[in-house]
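With mmCIF, C-alpha atoms inside, this is work.cif:
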data_input
#
loop_
_atom_site.label_atom_id
_atom_site.label_comp_id
_atom_site.auth_asym_id
_atom_site.auth_seq_id
_atom_site.Cartn_x
_atom_site.Cartn_y
_atom_site.Cartn_z
CA MET G 162 6.31 7.47 -3.89
CA LYS G 163 8.20 8.50 -6.99
CA TYR G 164 8.44 5.69 -9.54
CA ILE G 165 11.52 4.90 -11.60
CA ALA G 166 11.19 1.81 -13.81
CA ILE G 167 13.90 -0.83 -13.41
CA GLU G 168 14.95 -3.74 -15.44
CA ALA G 169 14.47 -6.93 -14.44
CA ASP G 170 -7.27 0.36 14.77
CA ALA G 171 -10.21 2.59 14.79
CA PHE G 172 -12.64 0.49 12.74
CA PRO G 173 -10.96 -2.90 12.33
CA PRO G 174 -12.88 -5.86 10.92
CA PRO G 175 -13.51 -8.65 13.43
CA ARG G 176 -10.26 -10.35 14.38
CA ALA G 177 -9.76 -12.52 17.41
CA THR G 178 -8.01 -15.75 18.33
CA GLY G 179 -8.48 -19.36 17.28
CA MET G 180 -10.22 -19.86 13.94
CA MET G 181 -10.59 -16.15 13.39
CA GLN G 182 -6.87 -15.58 13.85
CA ASN G 183 -6.21 -18.00 11.00
CA LYS G 184 -9.11 -16.69 8.94
CA SER G 185 -10.84 -19.97 8.11
CA PRO G 186 -12.96 -19.98 4.92
CA LEU G 187 -16.22 -20.11 6.89
CA MET G 188 -15.31 -17.20 9.12
CA LEU G 189 -13.91 -15.26 6.19
CA SER G 190 -17.24 -15.61 4.36
CA VAL G 191 -19.04 -14.20 7.38
CA VAL G 192 -16.61 -11.26 7.57
CA LEU G 193 -17.04 -10.45 3.88
CA MET G 194 -20.83 -10.54 4.24
CA LEU G 195 -20.57 -8.12 7.14
CA ILE G 196 -18.32 -5.84 5.11
CA ALA G 197 -20.79 -5.78 2.22
CA GLY G 198 -23.62 -4.98 4.62
CA THR G 199 -21.63 -2.19 6.23
CA ALA G 200 -20.85 -0.66 2.85
CA GLN G 201 -24.53 -0.58 1.90
CA ALA G 202 -25.45 0.78 5.31
CA GLN G 203 -23.06 3.67 4.69
CA GLY G 204 -24.93 4.48 1.49
CA ARG G 205 -22.47 2.83 -0.89
CA HIS G 206 -23.84 0.13 -3.21
CA GLU G 207 -20.79 -1.91 -4.06
CA ARG G 208 -19.53 -5.44 -4.52
CA LEU G 209 -16.19 -7.03 -3.80
CA ILE G 210 -14.51 -7.85 -7.12
CA TRP G 211 -11.06 -8.93 -5.92
CA SER G 212 -9.15 -9.41 -2.70
CA ASP G 213 -6.07 -11.00 -1.25
CA GLU G 214 -6.69 -12.07 2.34
CA PHE G 215 -3.16 -13.50 2.69
CA ASN G 216 -4.22 -16.90 3.95
CA SER G 217 -1.63 -19.66 4.01
CA SER G 218 -1.42 -23.19 5.40
CA ALA G 219 2.37 -23.01 5.46
CA SER G 220 4.77 -20.41 6.77
CA PRO G 221 6.52 -18.75 5.18
CA SER G 222 4.93 -19.00 1.75
CA ILE G 223 5.21 -16.94 -1.40
CA PRO G 224 2.58 -14.22 -1.95
CA ASP G 225 0.05 -15.42 -4.52
CA PRO G 226 1.95 -15.43 -7.86
CA ALA G 227 -1.37 -15.04 -9.69
CA SER G 228 -1.69 -11.60 -8.09
CA TRP G 229 1.78 -10.38 -7.18
CA THR G 230 5.25 -10.12 -8.64
CA PHE G 231 8.41 -8.53 -7.28
CA GLU G 232 10.49 -5.57 -8.35
CA THR G 233 14.11 -6.12 -7.45
CA GLY G 234 17.31 -4.15 -7.43
CA THR G 235 19.20 -1.41 -5.69
CA ASN G 236 19.14 1.63 -7.96
CA GLY G 237 17.54 4.01 -5.46
CA PHE G 238 14.30 4.11 -7.49
CA GLY G 239 14.60 7.83 -8.14
CA ASN G 240 14.33 8.55 -4.42
CA LYS G 241 17.90 7.71 -3.27
CA GLU G 242 16.55 4.74 -1.32
CA LEU G 243 19.19 2.60 0.39
CA GLU G 244 17.70 -0.89 0.28
CA THR G 245 18.10 -3.79 -2.11
CA TYR G 246 14.67 -5.12 -3.03
CA CYS G 247 14.61 -8.92 -3.00
CA SER G 248 12.20 -11.39 -4.55
CA TYR G 249 10.83 -14.33 -2.60
CA GLY G 250 13.40 -17.13 -2.42
CA SER G 251 16.29 -15.05 -3.81
CA SER G 252 19.74 -16.01 -2.58
CA GLN G 253 21.60 -13.40 -4.62
CA ALA G 254 23.56 -11.34 -2.10
CA PRO G 255 22.58 -9.46 -0.05
CA CYS G 256 19.24 -11.32 -0.30
CA ASP G 257 18.84 -14.47 1.82
CA SER G 258 16.37 -17.18 0.82
CA ALA G 259 16.30 -18.37 4.45
CA GLN G 260 15.07 -14.94 5.55
CA PRO G 261 12.63 -13.71 2.90
CA ASN G 262 11.75 -10.03 2.88
CA ALA G 263 8.14 -10.71 1.91
CA PHE G 264 6.08 -13.75 2.79
CA VAL G 265 2.61 -14.85 3.83
CA GLY G 266 2.55 -16.31 7.31
CA LYS G 267 0.23 -18.83 8.95
CA ASP G 268 -1.00 -15.89 11.03
CA GLY G 269 -2.93 -14.64 7.98
CA TYR G 270 -0.74 -11.62 7.29
CA LEU G 271 1.59 -10.53 4.52
CA HIS G 272 4.92 -9.67 6.13
CA VAL G 273 7.09 -7.10 4.32
CA ILE G 274 10.37 -6.91 6.23
CA ALA G 275 13.28 -4.49 6.12
CA ARG G 276 16.53 -6.06 7.32
CA SER G 277 20.05 -4.80 8.01
CA ASP G 278 23.32 -6.74 8.04
CA GLY G 279 24.73 -4.25 10.55
CA HIS G 280 27.25 -2.92 8.04
CA GLY G 281 25.13 -0.43 6.14
CA HIS G 282 23.45 -2.89 3.79
CA TYR G 283 19.66 -3.15 3.82
CA THR G 284 17.18 -5.48 2.16
CA SER G 285 13.41 -5.21 1.79
CA ALA G 286 10.62 -6.04 -0.69
CA ARG G 287 8.52 -4.24 -3.26
CA MET G 288 5.50 -6.11 -4.62
CA LYS G 289 3.23 -5.15 -7.51
CA SER G 290 0.25 -6.56 -9.39
CA GLU G 291 1.35 -5.19 -12.78
CA GLY G 292 0.29 -7.46 -15.61
CA LEU G 293 -1.78 -9.57 -13.21
CA LYS G 294 -4.45 -7.46 -11.52
CA SER G 295 -5.48 -3.93 -12.41
CA PHE G 296 -8.59 -1.87 -11.85
CA GLN G 297 -10.41 1.33 -12.74
CA TYR G 298 -12.81 3.15 -10.42
CA GLY G 299 -14.46 1.91 -7.23
CA ARG G 300 -12.97 1.53 -3.76
CA VAL G 301 -9.51 0.16 -3.00
CA GLU G 302 -8.32 -0.44 0.54
CA ALA G 303 -5.77 -2.30 2.62
CA ARG G 304 -5.60 -2.96 6.34
CA ILE G 305 -2.01 -2.43 7.44
CA ARG G 306 0.14 -2.03 10.51
CA ILE G 307 3.10 0.06 9.50
CA PRO G 308 6.56 -0.03 11.11
CA ARG G 309 7.98 2.88 13.01
CA GLY G 310 11.41 4.43 13.32
CA GLU G 311 13.80 6.81 11.63
CA GLY G 312 14.50 6.03 7.99
CA PHE G 313 11.53 3.74 7.19
CA TRP G 314 9.11 4.52 4.36
CA PRO G 315 6.13 2.14 3.99
CA ALA G 316 3.74 2.69 1.08
CA PHE G 317 0.52 1.37 -0.45
CA TRP G 318 0.04 2.85 -3.92
CA MET G 319 -1.04 2.40 -7.55
CA LEU G 320 0.36 3.16 -10.99
CA GLY G 321 -1.30 3.35 -14.39
CA ASP G 322 -1.11 0.30 -16.65
CA SER G 323 0.16 2.65 -19.36
CA ILE G 324 3.52 3.14 -17.62
CA ARG G 325 5.44 1.00 -20.11
CA LYS G 326 4.04 3.10 -22.96
CA VAL G 327 3.89 6.67 -21.67
CA LYS G 328 6.30 6.37 -18.70
CA TRP G 329 6.05 8.04 -15.29
CA PRO G 330 4.54 10.48 -14.36
CA ALA G 331 2.26 10.56 -17.43
CA CYS G 332 0.79 7.17 -16.41
CA GLY G 333 -0.51 8.65 -13.14
CA GLU G 334 0.13 7.60 -9.55
CA PHE G 335 -2.10 7.18 -6.50
CA ASP G 336 -0.27 7.25 -3.16
CA ILE G 337 -3.00 5.82 -0.95
CA MET G 338 -0.73 5.65 2.09
CA GLU G 339 2.82 6.78 2.72
CA ASN G 340 4.52 7.30 6.04
CA ILE G 341 7.98 8.44 7.04
CA GLY G 342 9.08 6.93 10.29
CA LYS G 343 10.11 10.19 11.92
CA LYS G 344 6.41 11.24 11.84
CA ALA G 345 4.83 8.23 13.47
CA ASP G 346 1.40 9.84 13.88
CA THR G 347 0.93 11.00 10.28
CA ILE G 348 0.32 9.38 6.89
CA TYR G 349 0.09 11.08 3.51
CA GLY G 350 -2.20 10.67 0.53
CA SER G 351 -1.23 12.22 -2.79
CA ILE G 352 -1.58 12.05 -6.56
CA HIS G 353 1.03 12.51 -9.27
CA GLY G 354 0.94 13.07 -13.02
CA THR G 355 2.32 15.26 -15.75
CA GLY G 356 2.82 18.73 -14.30
CA PHE G 357 2.28 17.73 -10.66
CA THR G 358 4.92 15.60 -8.95
CA GLY G 359 6.71 15.75 -5.64
CA THR G 360 4.68 17.30 -2.83
CA GLN G 361 2.48 19.53 -4.98
CA ILE G 362 -0.78 17.55 -4.63
CA GLY G 363 -1.00 15.77 -1.29
CA MET G 364 -2.60 15.88 2.13
CA PRO G 365 -1.51 14.59 5.55
CA TYR G 366 -3.72 12.79 8.03
CA THR G 367 -2.75 12.76 11.72
CA LEU G 368 -4.28 10.42 14.27
CA PRO G 369 -6.19 11.93 17.20
CA SER G 370 -4.01 12.60 20.23
CA HIS G 371 -1.00 12.04 17.95
CA ARG G 372 -1.10 8.27 18.42
CA ALA G 373 1.42 6.32 16.33
CA PHE G 374 0.06 4.48 13.30
CA GLY G 375 2.49 1.66 14.04
CA ASP G 376 0.75 0.86 17.32
CA ALA G 377 -2.26 -0.78 15.64
CA PHE G 378 -3.76 -1.83 12.33
CA HIS G 379 -5.47 0.85 10.26
CA THR G 380 -7.37 0.78 6.99
CA PHE G 381 -6.13 3.03 4.18
CA GLY G 382 -8.45 3.53 1.24
CA LEU G 383 -9.14 5.17 -2.10
CA LEU G 384 -12.56 6.20 -3.43
CA TRP G 385 -12.19 6.62 -7.19
CA SER G 386 -14.78 7.85 -9.66
CA PRO G 387 -14.60 9.79 -12.93
CA GLN G 388 -12.96 13.18 -12.34
CA LYS G 389 -12.65 12.57 -8.60
CA VAL G 390 -10.22 10.92 -6.15
CA GLU G 391 -10.71 10.68 -2.38
CA TYR G 392 -8.58 9.14 0.38
CA TYR G 393 -9.78 7.88 3.75
CA VAL G 394 -8.47 6.31 6.94
CA ASP G 395 -10.31 3.52 8.80
CA ALA G 396 -13.76 4.05 7.21
CA PRO G 397 -15.00 5.33 3.81
CA SER G 398 -16.92 8.02 5.68
CA ASN G 399 -13.64 9.40 7.08
CA VAL G 400 -12.40 11.14 3.92
CA TYR G 401 -9.49 13.49 4.56
CA ALA G 402 -8.42 14.40 1.01
CA THR G 403 -10.34 15.08 -2.22
CA PHE G 404 -8.79 15.80 -5.61
CA THR G 405 -10.37 16.74 -8.94
CA PRO G 406 -8.98 18.19 -12.18
CA ALA G 407 -9.55 21.61 -10.62
CA SER G 408 -6.95 20.70 -7.96
CA LEU G 409 -4.15 20.54 -10.50
CA PRO G 410 -1.66 23.35 -11.06
CA LYS G 411 -1.61 25.13 -14.39
CA GLY G 412 -0.32 22.75 -17.05
CA GLY G 413 -1.20 19.63 -15.05
CA VAL G 414 -2.77 16.75 -16.98
CA TRP G 415 -5.36 14.54 -15.20
CA PRO G 416 -4.47 10.89 -15.99
CA PHE G 417 -6.93 9.09 -13.73
CA ASP G 418 -9.68 8.47 -16.29
CA ASP G 419 -7.37 7.02 -18.95
CA GLY G 420 -7.41 3.34 -17.95
CA LYS G 421 -6.68 0.79 -15.27
CA PHE G 422 -4.12 0.99 -12.47
CA PHE G 423 -2.17 -1.76 -10.69
CA LEU G 424 -1.28 -2.11 -6.99
CA LEU G 425 2.04 -1.78 -5.17
CA LEU G 426 3.16 -2.50 -1.59
CA ASN G 427 6.68 -1.78 -0.40
CA LEU G 428 8.82 -0.83 2.56
CA ALA G 429 11.71 1.45 1.61
CA VAL G 430 14.74 2.19 3.74
CA GLY G 431 16.10 5.71 3.54
CA GLY G 432 15.56 8.12 0.68
CA ASP G 433 15.35 11.85 0.15
CA TRP G 434 12.11 12.19 2.07
CA PRO G 435 12.52 10.05 5.22
CA GLY G 436 16.30 10.34 5.44
CA PRO G 437 18.55 7.43 6.43
CA PRO G 438 18.23 5.18 9.48
CA ASP G 439 20.15 6.38 12.51
CA ALA G 440 21.27 5.02 15.86
CA SER G 441 17.66 4.96 17.08
CA SER G 442 16.47 2.75 14.20
CA HIS G 443 15.88 -0.90 15.04
CA PHE G 444 16.00 -3.81 12.58
CA PRO G 445 14.23 -5.84 11.42
CA GLN G 446 11.11 -3.74 10.88
CA GLU G 447 8.01 -5.03 9.14
CA MET G 448 4.86 -3.82 7.49
CA LEU G 449 2.02 -6.24 8.20
CA VAL G 450 -0.83 -6.40 5.69
CA ASP G 451 -4.07 -8.08 6.72
CA TYR G 452 -5.78 -7.76 3.35
CA VAL G 453 -6.08 -5.80 0.14
CA ARG G 454 -9.64 -5.44 -1.27
CA VAL G 455 -11.14 -3.85 -4.35
CA TYR G 456 -14.83 -3.01 -4.71
CA ALA G 457 -16.84 -1.91 -7.75
CA GLU G 458 -19.64 0.55 -7.13
CA ASP G 459 -23.05 -0.46 -8.49
CA ALA G 460 -25.95 1.78 -9.29
CA PRO G 461 -28.38 1.98 -6.33
#
If you took the structure in this file and wrote it as structure tokens, what would it be?
Amino acid sequence: MKYIAIEADAFPPPRATGMMQNKSPLMLSVVLMLIAGTAQAQGRHERLIWSDEFNSSASPSIPDPASWTFETGTNGFGNKELETYCSYGSSQAPCDSAQPNAFVGKDGYLHVIARSDGHGHYTSARMKSEGLKSFQYGRVEARIRIPRGEGFWPAFWMLGDSIRKVKWPACGEFDIMENIGKKADTIYGSIHGTGFTGTQIGMPYTLPSHRAFGDAFHTFGLLWSPQKVEYYVDAPSNVYATFTPASLPKGGVWPFDDGKFFLLLNLAVGGDWPGPPDASSHFPQEMLVDYVRVYAEDAP
């Protein structure tokens, strides 16, 4: 997802009903222990260093302000997007504090919702951890159920902390997951930097039998080490894209060993790539996020 600065379920983790549906602390501890054991069993020696499990005792509630902030506005973000991005609790039109576009529910999910007023005006949310949480190297993943339909563009991505200093694309960008609603069975993983933007360095991943990603939760992940970037779907062993400095076109500058990167989650409406919503598009649409987790890899 191109960045313009502005002012201002194949292998799901255990999830059932009852206590597990609300992710109680005890059950969550068990799940995290199982995850750590699975990672070691797959030959990866790693430890969880940060996560947001999106637990809340009230609904709706603001996403953790110690981890997330909001980008707001309606400038198209360099992609000719159509939505206005709203912060939690904003009542500045067309935002509606009674209908937030991003909130944590009692169901244990982050809800990122695209809405329409029926007259060509759209609202949604774009969250980032800039200035709050950033990371370099390891494994980064989120378990997400994306929306579906013409004109929707969900994304899970990262940008370099240096963006305020060197600007985009020199800061670097990881697109861990992007989808355009017209291609319900396919997501895209790509990298961007100086000399390689747009669709130059990216790979699609299509579900078996062309199932729609929006029909179930899936895990989208990044494996990041010096001079190497890999993307996977549903399990770290299921890598579908690998990038190294040798992948870059002539003149490209590899920015992914220069420092830490922060996280972003958003649901765009329209834009050059997905195109606008049409008569088949239904509102509201939401991207549900079960968790975001970051692991550091330890020496075996």
### Query
Do you know which residues the PyMOL selection byres ((chain G and resi 368) around 10) returns on this file, as a ChimeraX atom specification?
/G:171,345-348,366-367,369-374,394
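Near Ser228 (chain G), within a cut-off of 8 Å and counting all atoms listed in the file, sit the residues G:Ser290, G:Leu293, G:Lys294, with same-chain residues fewer than 6 positions away left out.
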Explicit residue set for the PyMOL selection byres ((chain G and resi 301) around 6), as a short mmCIF file (atom, residue, chain, number, x, y, z; two decimals) with C-alpha atoms, in the frame of the given file:
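Saved result, selection_33.cif, follows:
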data_model
loop_
_atom_site.label_atom_id
_atom_site.label_comp_id
_atom_site.auth_asym_id
_atom_site.auth_seq_id
_atom_site.Cartn_x
_atom_site.Cartn_y
_atom_site.Cartn_z
CA ARG G 300 -12.97 1.53 -3.76
CA GLU G 302 -8.32 -0.44 0.54
CA GLY G 382 -8.45 3.53 1.24
CA LEU G 383 -9.14 5.17 -2.10
CA ARG G 454 -9.64 -5.44 -1.27
CA VAL G 455 -11.14 -3.85 -4.35
#
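Shortest separation to Ala377 (chain G) among G:Ala402, G:Cys247, G:Met448, G:Ile223 occurs at residue G:Met448, atoms counted being all atoms listed in the file.
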#### Entry: Selected residue of minimal separation from Tyr452 (chain G) among G:Phe215, G:Tyr393, G:Phe404, G:Phe264, counting only C-alpha atoms
G:Phe215
Missing atoms of region 212-223 of chain G rebuilt to all heavy atoms, written as an mmCIF file, in the frame of the given file:
data_model
loop_
_atom_site.group_PDB
_atom_site.id
_atom_site.type_symbol
_atom_site.label_atom_id
_atom_site.label_comp_id
_atom_site.auth_asym_id
_atom_site.auth_seq_id
_atom_site.Cartn_x
_atom_site.Cartn_y
_atom_site.Cartn_z
ATOM 1 N N SER G 212 -9.843 -9.638 -3.961
ATOM 2 C CA SER G 212 -9.150 -9.410 -2.700
ATOM 3 C C SER G 212 -8.018 -10.410 -2.546
ATOM 4 O O SER G 212 -8.024 -11.481 -3.171
ATOM 5 C CB SER G 212 -10.098 -9.515 -1.499
ATOM 6 O OG SER G 212 -10.457 -10.864 -1.252
ATOM 7 N N ASP G 213 -7.060 -10.054 -1.748
ATOM 8 C CA ASP G 213 -6.070 -11.000 -1.250
ATOM 9 C C ASP G 213 -6.130 -10.912 0.260
ATOM 10 O O ASP G 213 -5.822 -9.872 0.848
ATOM 11 C CB ASP G 213 -4.671 -10.668 -1.764
ATOM 12 C CG ASP G 213 -3.697 -11.831 -1.558
ATOM 13 O OD1 ASP G 213 -3.929 -12.647 -0.649
ATOM 14 O OD2 ASP G 213 -2.702 -11.911 -2.304
ATOM 15 N N GLU G 214 -6.550 -12.012 0.892
ATOM 16 C CA GLU G 214 -6.690 -12.070 2.340
ATOM 17 C C GLU G 214 -5.435 -12.630 3.008
ATOM 18 O O GLU G 214 -5.381 -12.743 4.233
ATOM 19 C CB GLU G 214 -7.901 -12.925 2.721
ATOM 20 C CG GLU G 214 -9.196 -12.481 2.047
ATOM 21 C CD GLU G 214 -9.673 -11.117 2.486
ATOM 22 O OE1 GLU G 214 -9.454 -10.759 3.665
ATOM 23 O OE2 GLU G 214 -10.247 -10.386 1.648
ATOM 24 N N PHE G 215 -4.442 -13.012 2.199
ATOM 25 C CA PHE G 215 -3.160 -13.500 2.690
ATOM 26 C C PHE G 215 -3.310 -14.673 3.650
ATOM 27 O O PHE G 215 -2.751 -14.698 4.744
ATOM 28 C CB PHE G 215 -2.346 -12.352 3.303
ATOM 29 C CG PHE G 215 -2.091 -11.241 2.326
ATOM 30 C CD1 PHE G 215 -2.697 -9.992 2.490
ATOM 31 C CD2 PHE G 215 -1.291 -11.434 1.221
ATOM 32 C CE1 PHE G 215 -2.483 -8.971 1.572
ATOM 33 C CE2 PHE G 215 -1.075 -10.415 0.294
ATOM 34 C CZ PHE G 215 -1.663 -9.182 0.467
ATOM 35 N N ASN G 216 -4.082 -15.651 3.211
ATOM 36 C CA ASN G 216 -4.220 -16.900 3.950
ATOM 37 C C ASN G 216 -3.168 -17.894 3.475
ATOM 38 O O ASN G 216 -2.868 -17.963 2.284
ATOM 39 C CB ASN G 216 -5.609 -17.498 3.739
ATOM 40 C CG ASN G 216 -6.695 -16.640 4.342
ATOM 41 O OD1 ASN G 216 -6.575 -16.186 5.472
ATOM 42 N ND2 ASN G 216 -7.753 -16.392 3.580
ATOM 43 N N SER G 217 -2.625 -18.662 4.377
ATOM 44 C CA SER G 217 -1.630 -19.660 4.010
ATOM 45 C C SER G 217 -1.672 -20.803 5.010
ATOM 46 O O SER G 217 -1.862 -20.579 6.210
ATOM 47 C CB SER G 217 -0.228 -19.040 3.995
ATOM 48 O OG SER G 217 0.752 -20.018 3.747
ATOM 49 N N SER G 218 -1.488 -22.014 4.513
ATOM 50 C CA SER G 218 -1.420 -23.190 5.400
ATOM 51 C C SER G 218 0.019 -23.495 5.781
ATOM 52 O O SER G 218 0.272 -24.361 6.609
ATOM 53 C CB SER G 218 -2.048 -24.394 4.713
ATOM 54 O OG SER G 218 -1.367 -24.686 3.496
ATOM 55 N N ALA G 219 0.963 -22.804 5.158
ATOM 56 C CA ALA G 219 2.370 -23.010 5.460
ATOM 57 C C ALA G 219 3.019 -21.654 5.713
ATOM 58 O O ALA G 219 2.566 -20.634 5.212
ATOM 59 C CB ALA G 219 3.078 -23.706 4.304
ATOM 60 N N SER G 220 4.076 -21.659 6.481
ATOM 61 C CA SER G 220 4.770 -20.410 6.770
ATOM 62 C C SER G 220 6.275 -20.639 6.750
ATOM 63 O O SER G 220 6.760 -21.583 7.380
ATOM 64 C CB SER G 220 4.352 -19.877 8.128
ATOM 65 O OG SER G 220 4.988 -18.654 8.414
ATOM 66 N N PRO G 221 7.027 -19.805 6.065
ATOM 67 C CA PRO G 221 6.520 -18.750 5.180
ATOM 68 C C PRO G 221 6.126 -19.326 3.830
ATOM 69 O O PRO G 221 6.583 -20.397 3.444
ATOM 70 C CB PRO G 221 7.732 -17.826 5.049
ATOM 71 C CG PRO G 221 8.906 -18.755 5.159
ATOM 72 C CD PRO G 221 8.499 -19.807 6.148
ATOM 73 N N SER G 222 5.288 -18.598 3.100
ATOM 74 C CA SER G 222 4.930 -19.000 1.750
ATOM 75 C C SER G 222 4.953 -17.783 0.847
ATOM 76 O O SER G 222 4.813 -16.639 1.300
ATOM 77 C CB SER G 222 3.550 -19.667 1.717
ATOM 78 O OG SER G 222 2.542 -18.751 2.085
ATOM 79 N N ILE G 223 5.105 -18.019 -0.446
ATOM 80 C CA ILE G 223 5.210 -16.940 -1.400
ATOM 81 C C ILE G 223 3.866 -16.237 -1.554
ATOM 82 O O ILE G 223 2.824 -16.886 -1.567
ATOM 83 C CB ILE G 223 5.712 -17.472 -2.766
ATOM 84 C CG1 ILE G 223 5.979 -16.312 -3.725
ATOM 85 C CG2 ILE G 223 4.733 -18.469 -3.360
ATOM 86 C CD1 ILE G 223 6.680 -16.739 -5.004
#
